[in-house]
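I have placed the structure first, in the form of structure tokens, so that the comments after it can refer back to it.
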Amino acid sequence: MYEGKEGIKAIHEEVLKMEDLHVCEMLDSVTMRKVIKTEELQGMRKDAGNRGATSLGFYTGELYLPDAGIKAERYVLPESMWGFSSQILLIRDKVILFDFTGKMHAIVIEDPAIANGIRNLFSLSRHAMIAEQKSNPPMYHVDEEHLKHVAMEAIRTASV
């Protein structure tokens, strides 16, 4: 378990060491912005952009500008889903859960089966949002084959 902003920074540094960085996330960005400054977020995004990261994200509030070189498919969650005060982050075979209430906490679960289950939830969410927002498609689409590649790579890595 990680605590506070130091914990988030430690996770960020660990993530940046990974190759082929593709991130799936669901984030209460309205709540997060109350505890993490914009400058700190921009630094993290710039680091990820320098690595050629791609992302599939579901957010509350306004979307971040597509900057820093991150190719992203982003969706705004319906307001009825806002206020969950957390983040679910999926990277390869790691599921990282953040809590933005009180003293921030984060838990890292490294397990291919759990990661694949969460990956399926992200895929279902993506398809639901596409169906709901057909008139306003995102600027960048994460290729389905890329998601499958990331899933298989996580399984291969775990079995070594």
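Following the order of the structure tokens, chains are lettered A, B, ..., residues in each are numbered from 1, and ligands are numbered from 1.
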
Long-range neighbours of Glu19 of chain A as an mmCIF file with C-alpha atoms, in the first residue's frame, 10 Å cut-off, only C-alpha atoms, 3 positions minimum in chain:
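Saved the output as out-v9.cif:
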```cif
data_model
loop_
_atom_site.group_PDB
_atom_site.id
_atom_site.type_symbol
_atom_site.label_atom_id
_atom_site.label_comp_id
_atom_site.auth_asym_id
_atom_site.auth_seq_id
_atom_site.Cartn_x
_atom_site.Cartn_y
_atom_site.Cartn_z
ATOM 1 C CA VAL A 15 5.134 2.888 -14.321
ATOM 2 C CA LEU A 16 7.561 4.960 -16.388
ATOM 3 C CA HIS A 22 -0.614 1.659 -22.543
ATOM 4 C CA ARG A 51 7.503 7.556 -23.588
ATOM 5 C CA GLY A 52 4.923 7.482 -26.408
ATOM 6 C CA ALA A 53 2.172 6.350 -24.067
ATOM 7 C CA ARG A 92 -0.240 -4.556 -18.289
#
```

Query raised in the report: Running DSSP on the backbone, which parts of segment 1-126 of chain A land in strand (DSSP E), as a PyMOL selection string?
Result: chain A and resi 2-3+22-27+54-59+71-76+86-91+94-99+105-110

Query raised in the report: Suppose you want the space between atom CA of Pro112 of chain A and atom CA of Asp93 of chain A; what is it in Å?
Result: 4.8 Å

Query raised in the report: Could you name the residues that touch segment 124-134 of chain A at 9 Å or less, counting only C-alpha atoms, but leaving out those on the same chain fewer than 5 positions away, as a list in words?
Result: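 Neighbouring residues, sequence-local ones excluded: Leu56, Gly57, Phe58, Tyr75, Val76, Leu77 and Arg119 of chain A.
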
Just-selected residues, C-alpha atoms written as a tab-separated table (two decimals), in the first residue's frame:
```tsv
chain	number	residue	atom	x	y	z
A	56	LEU	CA	-8.09	4.70	-22.84
A	57	GLY	CA	-9.76	6.82	-20.19
A	58	PHE	CA	-13.10	7.57	-18.58
A	75	TYR	CA	-14.73	9.78	-22.54
A	76	VAL	CA	-16.59	11.92	-20.01
A	77	LEU	CA	-18.67	9.85	-17.63
A	119	ARG	CA	-9.46	-5.04	-18.99
```

Query raised in the report: Quick one: of A:Leu21, A:Leu89, A:Ile96, A:Met81, who's nearest to Val108 of chain A, counting only C-alpha atoms?
Result: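 Ranked by minimum distance to Val108 of chain A, first place goes to A:Ile96.
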
Query raised in the report: Closest to Asp99 of chain A among A:Thr31, A:Cys24, A:Lys46, A:Ala10, using only C-alpha atoms?
Result: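 Smallest distance to Asp99 of chain A is found for A:Thr31.
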
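Proximity to Gly61 of chain A was assessed for A:Leu97, A:Ile114, A:Val30, A:Ile107 counting only C-alpha atoms; the smallest distance is recorded for A:Val30.
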
Query raised in the report: DSSP says alpha helix (DSSP H) for which residues of segment 67-126 of chain A? Put them as a ChimeraX atom specification?
Result: /A:112-126

Query raised in the report: Which residue out of A:Ile88, A:Asp111, A:Lys94, A:Gly102 has the minimum interatomic distance to Asp28 of chain A when only C-alpha atoms are used?
Result: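 Smallest separation from Asp28 of chain A among the options: A:Ile88.
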
Report task. Find, counting only C-alpha atoms, the residue in A:Ser85, A:Glu3, A:Glu25, A:Ile11 that gets nearest to Ser55 of chain A. Result ->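 Looking at the shortest contact to Ser55 of chain A, the residue is A:Glu25.
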